[in-house]
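Visitor: Dumping the structure here so I can ask a few things about it.
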Amino acid sequence: MAIIERPVPATVDAPTSAPVPAGVTPARAYGVLRRPVTTTGWRSWLFTVDHKKIGIMYGVAALAFFVIGGIEALFIRAQLAGPNGTLLSSDLYNQMFTMHATSMVFLFAMPMAAAFGNYFLPLQVGARDVAFPRINAFGFWSFLMGALFVNASWFLGGGAADGGWFMYAPNSSVPFSPSNGIDFWAIGLQITGIASLTGAVNLIVTALNMRTKGMSLMRMPVFTWMVLVIQFLLLFAIPVITVALFLLTFQRTFGATFFSVEAGADPLLWQHLFWIFGHPEVYILVLPSFGIVSEVLPVFSKKPLFGYPFVVFSGAAIGFVGWGVWAHHMFASGIGPVSVAVFSVSTMVIAVPTGVKIVNWTLTMWGGKLTFTTAMLFAMGLVVEFTIGGLSGVTHSVAPSDTQQTDTYYIVAHFHYVLFGGAVLGFFAGFYYWWPKVFGKCLSERLGKWNFWLMIIGMNLTFGPMHIIGLQGQPRRMYIWTRERAGEGFFNLGFWNAVASLGAFVLAAGVLVFIVNIWRTHRHAPPAPLDPWDARTLEWMTTSPPKVHNFDALPDVHALDEFFHRKYEDVGEGDRHDLRKVATAEDILAEQEANADHHIHLPSPSYWPMLVALALPFIGFGVIYYPLIAIVAAGFMLLALFGWALEPSVADESDYDPPADDADPGTDLATIGSAHE
Amino acid sequence: MSDGDTVGENKTPENGAPDQGNTTSDNAGPVTSTIDEIPMGGLPGPGRSGSAAPAEDGAKLTGLPDRPEAEEHPPLTSTTGLSNNKMGMWLFLGSECLLFGGLISTYMLYRGRHSGGLGPDQIYDIPFTSVSSFVLLMSSLTMVLAVSAAQRKDDRNTTVWLVTTALLGATFVGGQAYEFTSFYREGLGYTTSLFSSSFYTLTGFHGVHVSLGIVMLLALAMMLRSERVSGDRAETVELIGLYWHFVDIVWIVIFTLVYLIPA
């Protein structure tokens, strides 16, 4: 991260009430290493506290795990393509589907939401960074450490976790899964949970407390709103899974008895704890994409979002009601008729606000001037595919029907339609929409269309037939199926399993096209125009990629869709709206640059967040292998925390060596822009 | 809402956040009053709205008025008037409620399941735990005194009360260690029964929270002595205080549910 203006120690850094003797530089007096202050090269990424760089790193890591999780899915589909699959052993198959779900849920979808949230939430509310930049960096590094820790189990744990992503106890106890896979899984997710929790606190405070002048809550873009809602969900859901994971770890490692049914344990305890987390988690996965789509659809329909308050409040309603539906995952667990009835009804209720959103998106497009860019296609794809998933979801809320569907491929079809059709398509809409903002280059639309159609066809080929094979009775998590029991006629399992497997590879080809698109764009594409989509929200009121301090002058917000209203004037009379363009994005940016704030201070890079996060997996190794490692790592972490606490958030003048001459913002920006390449 | 041209009007009706903001009205006092002293940079109206400049780690919100270059800087206020740090701490504590909620639920589910072995009725020494609970509650009082001294900028007394709080907390943790040891000697191991596992886990988690609080208190006391607390010192003391009171309140719940209600 660049320092826009070097703080002058005597006037800026030292509190006036506490005279610090000149010459004593706090950072170096206590730090072991020199404070990192470079603005280019790998160090500028490793030690950054810039929300934009952290967002990009979240995105890159999440995409990597998307690919890994996708490869795991391909193994699963290859195994099930024909009868009596021999590619994977039953044991390896269990690990494969567990890790596929873990990668996709915890290591792809959640961090990808964090990537978008980190990058765009501060920009959309008109802030220069998040509320706690160093905690933000710590969050990313602990996510990465946790993710690597979970995946280390393939090599170090004697096999990865194999209990399904919900890891039902007592099935996840040592006798049923003697390898260390589940230990790695539980502790690794514990570490990524720290990332989610710190991220939640950070983004909530940013959204509530760091809005620019005039940015009232009801002028916040819907994406920011949805991110805010999911941060509250994370804030209260993560501690519950934390408890569950601790209990599981203590059970497996220290011989506690929480899930020992022979000692009288309640086998539903884990299920309740997990799903109290797990159902809000579903909305945590899908709401960011709802937010992205709510940004993309109005832009490419040339209309404001239909019923903005309804979209906002239905998102909040989903957040609330999402806490009251968890036991619909347990209809077959024997929770009693009253519970089943209550959770059936509440599950039907939560379909209402979701339906409200679908209606609002549809009416946003209704009568609009639609432009079918790739981003728009993905957004429309979400509306369609998520609706299909939502409808099959409503069939689950009917408990007698759900009892038939439990643990069949019908469930698999449902949640892939809502998670792939919801979360993933939304993320891709976001990629194509915001790529020029983040990297200054538009992704190729031609390859984008290929990407879109391959993915849409692929997902429907993959997950559509699962409705059929599920209703035909094929259970999920079975590593083979046999020809004798495949049935005959149109609905025979053999044909539809083959179709699903074919679809999975079409889908993978779509993702491959996306990766090629990224590569080609960054090699060949010309710089994108400042406002390629005629966008509506604040993040487009700065350069692409944004300046390190986001805005030269923090904008005054007068309306929802502020940027749009600055570009267009309504000259229609009465109910007629005739929009006349009064300014271009370049004009608006030029005006902002002319009125630039002087003395913008940004927090300086720091290596402490990374060091603290680095200790976490070693504590995990210690718990699994040898306690002394954990004690040493915890001691190291405590020291690093002290280093962090004693380090001022802004680097001292003497941290720079040699003293570089003051670069003006123009040259500064040039280096930032090239650093993204 | 989309077309309201209300620039610079007081936004407080909308920026609600009543869940966090109003619960701390007593604590928010000093912050807002300090903000009022800051030149508002030509903002119309006396509202607390203002440009949300980056509060560097949120720490430099107060103590600014007498700076010579104050008029060059936009006022460092937050949208809600509550400082970032304090709002962050409240959110974290909200999250902690669910952590202890899960642990307490587990204990309540399992407290009767000890297969006829040692159960809550045989093992608890209520008078002893009452005394150590009293010690912990008194530490909340000394914590309040520390915060009060910090707000008077009385560094010496702040340090004294912080250390006193830490000592009282340490007494409580010591009592817990003694209690665990004596239970263990009586035959209640961690793996003995569902009751024992959930009891040790719940109270152990609370003990770890108190211990981390002690570390924070002592670190803060040392940093205060060596003038190394950046930002608003009174608020830093107050933040640790919030955490400490939270841990105390959790103990009130645990003591009632675990020890006082007969199994």
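Here, A, B, ... name the chains of the structure tokens in the order displayed, residue numbers run from 1 inside each chain, and ligands are numbered from 1 in the same displayed order.
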Within 7 Å of chain B, which residues belong to chain A? Use only C-alpha atoms and report them as JSON, numbers by chain.
Guide: {"A": [127, 128, 129, 131, 132, 133, 201, 205, 208, 209, 210, 211, 212, 213, 214, 216, 217, 218, 219, 235, 236, 239, 240, 243, 255, 256, 257, 258, 263, 264, 265, 558, 559, 560, 602, 603, 646, 648, 649]}
Visitor: Store the residues of this selection in a file with C-alpha atoms, as a JSON list (two decimals), in the first residue's frame.
Guide:
[["chain", "number", "residue", "atom", "x", "y", "z"],
["A", 127, "ALA", "CA", -14.92, 5.09, 2.76],
["A", 128, "ARG", "CA", -11.18, 5.03, 2.26],
["A", 129, "ASP", "CA", -10.64, 1.68, 3.91],
["A", 131, "ALA", "CA", -12.67, 0.16, 9.94],
["A", 132, "PHE", "CA", -9.86, -2.15, 11.09],
["A", 133, "PRO", "CA", -7.37, -2.58, 8.25],
["A", 201, "VAL", "CA", -17.01, -7.24, 12.90],
["A", 205, "VAL", "CA", -18.49, -1.37, 11.60],
["A", 208, "LEU", "CA", -22.54, 1.38, 9.85],
["A", 209, "ASN", "CA", -19.87, 3.80, 10.90],
["A", 210, "MET", "CA", -17.79, 4.91, 7.95],
["A", 211, "ARG", "CA", -20.33, 6.03, 5.43],
["A", 212, "THR", "CA", -19.61, 9.21, 3.58],
["A", 213, "LYS", "CA", -21.67, 12.35, 4.01],
["A", 214, "GLY", "CA", -25.28, 11.85, 2.97],
["A", 216, "SER", "CA", -27.90, 7.09, 4.77],
["A", 217, "LEU", "CA", -28.69, 3.44, 5.27],
["A", 218, "MET", "CA", -31.46, 3.58, 2.72],
["A", 219, "ARG", "CA", -29.13, 5.02, 0.14],
["A", 235, "LEU", "CA", -21.36, -12.85, 13.61],
["A", 236, "PHE", "CA", -23.97, -15.00, 15.29],
["A", 239, "PRO", "CA", -19.72, -18.99, 17.39],
["A", 240, "VAL", "CA", -22.25, -21.84, 17.24],
["A", 243, "VAL", "CA", -18.76, -24.64, 19.89],
["A", 255, "GLY", "CA", -11.62, -38.38, 24.89],
["A", 256, "ALA", "CA", -14.54, -36.22, 25.99],
["A", 257, "THR", "CA", -17.91, -37.91, 25.83],
["A", 258, "PHE", "CA", -20.21, -35.38, 24.14],
["A", 263, "ALA", "CA", -22.44, -43.03, 27.63],
["A", 264, "GLY", "CA", -25.91, -41.62, 27.10],
["A", 265, "ALA", "CA", -25.09, -38.80, 24.70],
["A", 558, "HIS", "CA", -27.70, 13.02, -2.39],
["A", 559, "ALA", "CA", -29.62, 10.02, -3.64],
["A", 560, "LEU", "CA", -29.71, 6.31, -4.11],
["A", 602, "LEU", "CA", -3.84, 5.71, 5.23],
["A", 603, "PRO", "CA", -2.84, 2.97, 7.61],
["A", 646, "LEU", "CA", 2.52, -1.71, 20.24],
["A", 648, "PRO", "CA", 1.17, 2.49, 15.61],
["A", 649, "SER", "CA", -1.23, 2.16, 12.71]]
Visitor: Find the residues near range 318-332 of chain A: any atom within 8 Å, counting only C-alpha atoms, skip ones fewer than 4 places away on the same chain, and give them as a list in words.
Guide: Val229, Ile230, Leu233, Gln271, His272, Trp275, Ile276, Gly278, His279, Pro280, Tyr283, Ser314, Ser339, Val340, Phe343, Ser344, Ser346, Thr347, Val349, Ile350, Pro353, Thr354, His396, Ser397, Ala399, Asp402, Thr403 and Thr406 of chain A
Visitor: Let me make sure I understand: among A:Trp361, A:Phe621, A:Tyr607, A:Phe642, which one has the smallest atom-to-atom distance to Gly188 in chain A if we use only C-alpha atoms?
Guide: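 When distances to Gly188 in chain A are compared using only C-alpha atoms, the smallest one comes from A:Phe621.
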Visitor: Any idea what's packed within 8 Å of Ala149 in chain B, counting only C-alpha atoms, ignoring anything in its chain fewer than 6 positions away? Could you give it as a VMD selection string?
Guide: chain B and resid 155 157 to 158
Visitor: Produce a file of the selected residues containing N, CA and C atoms, as a short mmCIF file (atom, residue, chain, number, x, y, z; two decimals), in the first residue's frame.
Guide:
data_model
loop_
_atom_site.label_atom_id
_atom_site.label_comp_id
_atom_site.auth_asym_id
_atom_site.auth_seq_id
_atom_site.Cartn_x
_atom_site.Cartn_y
_atom_site.Cartn_z
N ASP B 155 -3.56 8.68 35.45
CA ASP B 155 -2.87 7.47 35.03
C ASP B 155 -2.48 6.57 36.19
N ASN B 157 -3.87 6.11 39.20
CA ASN B 157 -4.97 5.31 39.73
C ASN B 157 -5.50 4.32 38.71
N THR B 158 -5.44 4.71 37.45
CA THR B 158 -5.87 3.76 36.43
C THR B 158 -5.06 2.49 36.53
#
Visitor: Using only C-alpha atoms, which protein or nucleic acid residues come within 6 Å of Ser179 in chain A? Drop anything in the same chain fewer than 2 positions from it, and give the result as a PDB file with N, CA and C atoms, in the first residue's frame.
Guide:
ATOM      1  N   GLY A 158      -3.301 -38.865   6.968  1.00  0.00           N
ATOM      2  CA  GLY A 158      -3.677 -40.236   6.635  1.00  0.00           C
ATOM      3  C   GLY A 158      -4.992 -40.273   5.895  1.00  0.00           C
ATOM      4  N   SER A 177     -13.913 -43.106  12.071  1.00  0.00           N
ATOM      5  CA  SER A 177     -13.021 -42.386  11.177  1.00  0.00           C
ATOM      6  C   SER A 177     -11.676 -42.222  11.865  1.00  0.00           C
ATOM      7  N   GLY A 181      -8.042 -37.091   9.489  1.00  0.00           N
ATOM      8  CA  GLY A 181      -8.703 -36.175   8.566  1.00  0.00           C
ATOM      9  C   GLY A 181      -9.698 -35.250   9.242  1.00  0.00           C
TER      10      GLY A 181
END
Visitor: So, with only C-alpha atoms as the atoms that count, which of A:Pro178, A:Gly85, A:Gly572, A:Pro298 lies closest to Thr537 in chain A?
Guide: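 The closest residue to Thr537 in chain A is A:Pro298.
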Visitor: Give me, as a PyMOL selection string, all polymer residues having an atom no more than 10 Å from Leu614 in chain A, counting only C-alpha atoms and skipping those fewer than 4 positions away in the same chain.
Guide: chain A and resi 138+141-142+144-146+608-610+618-619+633+636-637+640
Visitor: Using only C-alpha atoms, which residue out of A:Ala73, A:Val548, A:Gly643, A:Pro304 lies closest to Thr102 in chain A?
Guide: A:Ala73
Visitor: Which residue is closest to Ile126 in chain B? Choose from B:Leu212, B:Ile261, B:Leu242, B:Val144 and count only C-alpha atoms.
Guide: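 Of B:Leu212, B:Ile261, B:Leu242, B:Val144, the one nearest Ile126 in chain B is B:Ile261, counting only C-alpha atoms.
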Visitor: As a short mmCIF file (atom, residue, chain, number, x, y, z; two decimals) with N, CA and C atoms, in the first residue's frame, list the residues of range 102-193 of chain B assigned to helix (DSSP H, G or I) by DSSP on the backbone atoms of this structure.
Guide:
data_model
loop_
_atom_site.label_atom_id
_atom_site.label_comp_id
_atom_site.auth_asym_id
_atom_site.auth_seq_id
_atom_site.Cartn_x
_atom_site.Cartn_y
_atom_site.Cartn_z
N GLY B 102 -24.09 -21.68 23.27
CA GLY B 102 -23.92 -23.07 22.83
C GLY B 102 -23.35 -23.95 23.92
N LEU B 103 -22.35 -23.44 24.63
CA LEU B 103 -21.73 -24.24 25.68
C LEU B 103 -22.69 -24.47 26.84
N ILE B 104 -23.44 -23.42 27.21
CA ILE B 104 -24.38 -23.57 28.31
C ILE B 104 -25.48 -24.55 27.93
N SER B 105 -25.96 -24.46 26.68
CA SER B 105 -26.99 -25.42 26.24
C SER B 105 -26.48 -26.84 26.35
N THR B 106 -25.26 -27.04 25.91
CA THR B 106 -24.69 -28.39 26.00
C THR B 106 -24.66 -28.87 27.45
N TYR B 107 -24.24 -27.98 28.34
CA TYR B 107 -24.18 -28.38 29.75
C TYR B 107 -25.58 -28.69 30.29
N MET B 108 -26.54 -27.80 29.96
CA MET B 108 -27.89 -28.01 30.48
C MET B 108 -28.46 -29.33 29.98
N LEU B 109 -28.10 -29.69 28.75
CA LEU B 109 -28.58 -30.96 28.20
C LEU B 109 -27.98 -32.14 28.95
N TYR B 110 -26.73 -32.01 29.37
CA TYR B 110 -25.99 -33.16 29.86
C TYR B 110 -25.79 -33.18 31.38
N PRO B 120 -23.81 -33.24 39.86
CA PRO B 120 -23.75 -31.87 40.39
C PRO B 120 -24.06 -31.82 41.88
N ASP B 121 -25.03 -32.63 42.33
CA ASP B 121 -25.43 -32.51 43.72
C ASP B 121 -24.37 -33.01 44.68
N GLN B 122 -23.56 -33.98 44.23
CA GLN B 122 -22.54 -34.52 45.13
C GLN B 122 -21.27 -33.69 45.16
N ILE B 123 -21.01 -32.98 44.05
CA ILE B 123 -19.64 -32.51 43.87
C ILE B 123 -19.46 -31.03 44.19
N ILE B 126 -20.78 -25.22 47.11
CA ILE B 126 -21.42 -23.93 46.82
C ILE B 126 -20.79 -22.78 47.61
N PRO B 127 -20.54 -22.94 48.92
CA PRO B 127 -19.95 -21.80 49.64
C PRO B 127 -18.62 -21.35 49.04
N PHE B 128 -17.78 -22.31 48.69
CA PHE B 128 -16.48 -21.93 48.13
C PHE B 128 -16.66 -21.17 46.83
N THR B 129 -17.49 -21.72 45.93
CA THR B 129 -17.67 -21.06 44.63
C THR B 129 -18.37 -19.72 44.80
N SER B 130 -19.23 -19.61 45.81
CA SER B 130 -19.86 -18.31 46.05
C SER B 130 -18.82 -17.26 46.37
N VAL B 131 -17.85 -17.65 47.21
CA VAL B 131 -16.81 -16.69 47.57
C VAL B 131 -16.03 -16.27 46.33
N SER B 132 -15.63 -17.25 45.50
CA SER B 132 -14.83 -16.87 44.34
C SER B 132 -15.67 -16.09 43.34
N SER B 133 -16.98 -16.38 43.29
CA SER B 133 -17.85 -15.58 42.43
C SER B 133 -17.89 -14.14 42.93
N PHE B 134 -17.97 -14.00 44.26
CA PHE B 134 -18.00 -12.66 44.83
C PHE B 134 -16.73 -11.90 44.47
N VAL B 135 -15.61 -12.59 44.54
CA VAL B 135 -14.34 -11.95 44.18
C VAL B 135 -14.40 -11.47 42.73
N LEU B 136 -14.92 -12.30 41.84
CA LEU B 136 -14.98 -11.92 40.43
C LEU B 136 -15.90 -10.72 40.24
N LEU B 137 -17.02 -10.73 40.95
CA LEU B 137 -17.95 -9.61 40.79
C LEU B 137 -17.32 -8.32 41.31
N MET B 138 -16.57 -8.43 42.40
CA MET B 138 -15.89 -7.23 42.91
C MET B 138 -14.88 -6.70 41.90
N SER B 139 -14.33 -7.60 41.09
CA SER B 139 -13.37 -7.12 40.09
C SER B 139 -14.06 -6.23 39.07
N SER B 140 -15.35 -6.41 38.87
CA SER B 140 -16.07 -5.49 37.98
C SER B 140 -16.09 -4.10 38.59
N LEU B 141 -16.24 -4.05 39.91
CA LEU B 141 -16.23 -2.74 40.57
C LEU B 141 -14.89 -2.05 40.38
N THR B 142 -13.80 -2.79 40.60
CA THR B 142 -12.49 -2.15 40.43
C THR B 142 -12.26 -1.77 38.98
N MET B 143 -12.84 -2.54 38.08
CA MET B 143 -12.70 -2.19 36.66
C MET B 143 -13.40 -0.86 36.39
N VAL B 144 -14.56 -0.69 36.98
CA VAL B 144 -15.28 0.59 36.82
C VAL B 144 -14.41 1.72 37.35
N LEU B 145 -13.76 1.48 38.50
CA LEU B 145 -12.91 2.53 39.07
C LEU B 145 -11.74 2.84 38.14
N ALA B 146 -11.22 1.79 37.48
CA ALA B 146 -10.13 2.02 36.53
C ALA B 146 -10.60 2.89 35.37
N VAL B 147 -11.77 2.56 34.84
CA VAL B 147 -12.30 3.35 33.71
C VAL B 147 -12.53 4.79 34.15
N SER B 148 -13.09 4.93 35.33
CA SER B 148 -13.36 6.27 35.83
C SER B 148 -12.07 7.07 35.98
N ALA B 149 -11.04 6.41 36.53
CA ALA B 149 -9.76 7.11 36.68
C ALA B 149 -9.18 7.46 35.32
N ALA B 150 -9.34 6.56 34.35
CA ALA B 150 -8.79 6.83 33.02
C ALA B 150 -9.50 8.02 32.40
N GLN B 151 -10.79 8.14 32.65
CA GLN B 151 -11.51 9.26 32.06
C GLN B 151 -11.13 10.58 32.72
N ASP B 155 -3.56 8.68 35.45
CA ASP B 155 -2.87 7.47 35.03
C ASP B 155 -2.48 6.57 36.19
N ARG B 156 -2.10 7.19 37.29
CA ARG B 156 -1.61 6.40 38.40
C ARG B 156 -2.72 5.50 38.94
N ASN B 157 -3.87 6.11 39.20
CA ASN B 157 -4.97 5.31 39.73
C ASN B 157 -5.50 4.32 38.71
N THR B 158 -5.44 4.71 37.45
CA THR B 158 -5.87 3.76 36.43
C THR B 158 -5.06 2.49 36.53
N THR B 159 -3.73 2.67 36.60
CA THR B 159 -2.86 1.50 36.69
C THR B 159 -3.16 0.69 37.94
N VAL B 160 -3.32 1.40 39.05
CA VAL B 160 -3.58 0.70 40.31
C VAL B 160 -4.84 -0.16 40.19
N TRP B 161 -5.90 0.43 39.68
CA TRP B 161 -7.16 -0.32 39.63
C TRP B 161 -7.11 -1.43 38.58
N LEU B 162 -6.39 -1.19 37.50
CA LEU B 162 -6.25 -2.26 36.51
C LEU B 162 -5.55 -3.47 37.13
N VAL B 163 -4.48 -3.19 37.85
CA VAL B 163 -3.74 -4.31 38.46
C VAL B 163 -4.60 -4.98 39.53
N THR B 164 -5.35 -4.18 40.27
CA THR B 164 -6.24 -4.78 41.27
C THR B 164 -7.25 -5.70 40.60
N THR B 165 -7.82 -5.21 39.52
CA THR B 165 -8.79 -6.04 38.79
C THR B 165 -8.16 -7.35 38.35
N ALA B 166 -6.94 -7.22 37.80
CA ALA B 166 -6.25 -8.42 37.34
C ALA B 166 -6.02 -9.38 38.51
N LEU B 167 -5.65 -8.84 39.69
CA LEU B 167 -5.39 -9.71 40.84
C LEU B 167 -6.67 -10.41 41.29
N LEU B 168 -7.76 -9.67 41.31
CA LEU B 168 -9.03 -10.30 41.69
C LEU B 168 -9.39 -11.39 40.69
N GLY B 169 -9.20 -11.08 39.39
CA GLY B 169 -9.47 -12.09 38.38
C GLY B 169 -8.58 -13.31 38.57
N ALA B 170 -7.32 -13.06 38.90
CA ALA B 170 -6.40 -14.18 39.11
C ALA B 170 -6.83 -15.00 40.31
N THR B 171 -7.35 -14.34 41.33
CA THR B 171 -7.86 -15.08 42.49
C THR B 171 -8.97 -16.02 42.07
N PHE B 172 -9.85 -15.49 41.21
CA PHE B 172 -10.95 -16.33 40.72
C PHE B 172 -10.41 -17.53 39.94
N VAL B 173 -9.48 -17.27 39.04
CA VAL B 173 -8.93 -18.37 38.24
C VAL B 173 -8.23 -19.37 39.14
N GLY B 174 -7.53 -18.85 40.15
CA GLY B 174 -6.88 -19.75 41.11
C GLY B 174 -7.91 -20.62 41.81
N GLY B 175 -9.02 -20.00 42.20
CA GLY B 175 -10.09 -20.77 42.84
C GLY B 175 -10.62 -21.85 41.93
N GLN B 176 -10.71 -21.49 40.64
CA GLN B 176 -11.21 -22.48 39.69
C GLN B 176 -10.22 -23.64 39.55
N ALA B 177 -8.94 -23.30 39.52
CA ALA B 177 -7.92 -24.35 39.42
C ALA B 177 -8.02 -25.27 40.64
N TYR B 178 -8.20 -24.66 41.84
CA TYR B 178 -8.33 -25.47 43.05
C TYR B 178 -9.56 -26.37 42.97
N GLU B 179 -10.66 -25.76 42.47
CA GLU B 179 -11.92 -26.50 42.36
C GLU B 179 -11.76 -27.70 41.41
N PHE B 180 -11.16 -27.44 40.27
CA PHE B 180 -10.96 -28.52 39.30
C PHE B 180 -10.11 -29.63 39.91
N THR B 181 -9.06 -29.21 40.60
CA THR B 181 -8.16 -30.21 41.18
C THR B 181 -8.89 -31.08 42.19
N SER B 182 -9.69 -30.41 43.05
CA SER B 182 -10.36 -31.19 44.09
C SER B 182 -11.43 -32.10 43.48
N PHE B 183 -12.11 -31.62 42.43
CA PHE B 183 -13.08 -32.49 41.76
C PHE B 183 -12.37 -33.70 41.17
N TYR B 184 -11.22 -33.43 40.57
CA TYR B 184 -10.48 -34.51 39.94
C TYR B 184 -10.07 -35.55 40.98
N ARG B 185 -9.63 -35.05 42.15
CA ARG B 185 -9.22 -35.97 43.22
C ARG B 185 -10.40 -36.80 43.70
N GLU B 186 -11.58 -36.21 43.66
CA GLU B 186 -12.76 -36.96 44.08
C GLU B 186 -13.19 -37.98 43.03
#
Visitor: For Ala207 in chain A, find every residue with an atom within 9 Å (counting only C-alpha atoms), except residues of its own chain fewer than 4 positions away, and show them as a CSV table (one decimal) with N, CA and C atoms, in the first residue's frame.
Guide:
chain,number,residue,atom,x,y,z
A,121,LEU,N,-17.5,-3.0,-0.6
A,121,LEU,CA,-18.2,-2.3,0.5
A,121,LEU,C,-17.7,-1.0,0.8
A,122,PRO,N,-16.4,-0.8,1.1
A,122,PRO,CA,-15.9,0.5,1.4
A,122,PRO,C,-16.1,1.5,0.3
A,125,VAL,N,-19.8,2.6,0.1
A,125,VAL,CA,-20.3,3.6,1.1
A,125,VAL,C,-19.4,4.8,1.2
A,127,ALA,N,-15.9,5.1,1.7
A,127,ALA,CA,-14.9,5.1,2.8
A,127,ALA,C,-13.6,4.9,2.1
A,130,VAL,N,-11.5,-0.1,5.3
A,130,VAL,CA,-12.4,-0.7,6.3
A,130,VAL,C,-12.0,-0.1,7.6
A,131,ALA,N,-12.8,-0.4,8.6
A,131,ALA,CA,-12.7,0.2,9.9
A,131,ALA,C,-11.4,-0.3,10.6
A,202,ASN,N,-15.5,-6.3,11.3
A,202,ASN,CA,-14.9,-5.3,10.5
A,202,ASN,C,-15.9,-4.6,9.5
A,203,LEU,N,-16.6,-5.5,8.7
A,203,LEU,CA,-17.4,-4.9,7.7
A,203,LEU,C,-18.7,-4.3,8.3
A,211,ARG,N,-19.7,5.6,6.7
A,211,ARG,CA,-20.3,6.0,5.4
A,211,ARG,C,-20.0,7.5,5.2
A,217,LEU,N,-28.6,4.9,5.5
A,217,LEU,CA,-28.7,3.4,5.3
A,217,LEU,C,-29.5,3.1,4.1
A,220,MET,N,-27.7,3.1,0.7
A,220,MET,CA,-26.6,2.2,0.4
A,220,MET,C,-27.0,1.3,-0.7
A,224,THR,N,-24.1,-3.7,-0.8
A,224,THR,CA,-23.6,-3.4,0.5
A,224,THR,C,-24.6,-3.8,1.6
A,225,TRP,N,-25.9,-3.7,1.3
A,225,TRP,CA,-26.9,-4.1,2.3
A,225,TRP,C,-26.8,-5.6,2.5
A,228,LEU,N,-23.9,-6.5,4.5
A,228,LEU,CA,-24.1,-6.2,5.9
A,228,LEU,C,-25.0,-7.3,6.6
Visitor: What's the separation between CA of Thr374 in chain A and CA of Trp540 in chain A, in Å to one decimal place?
Guide: 18.8 Å
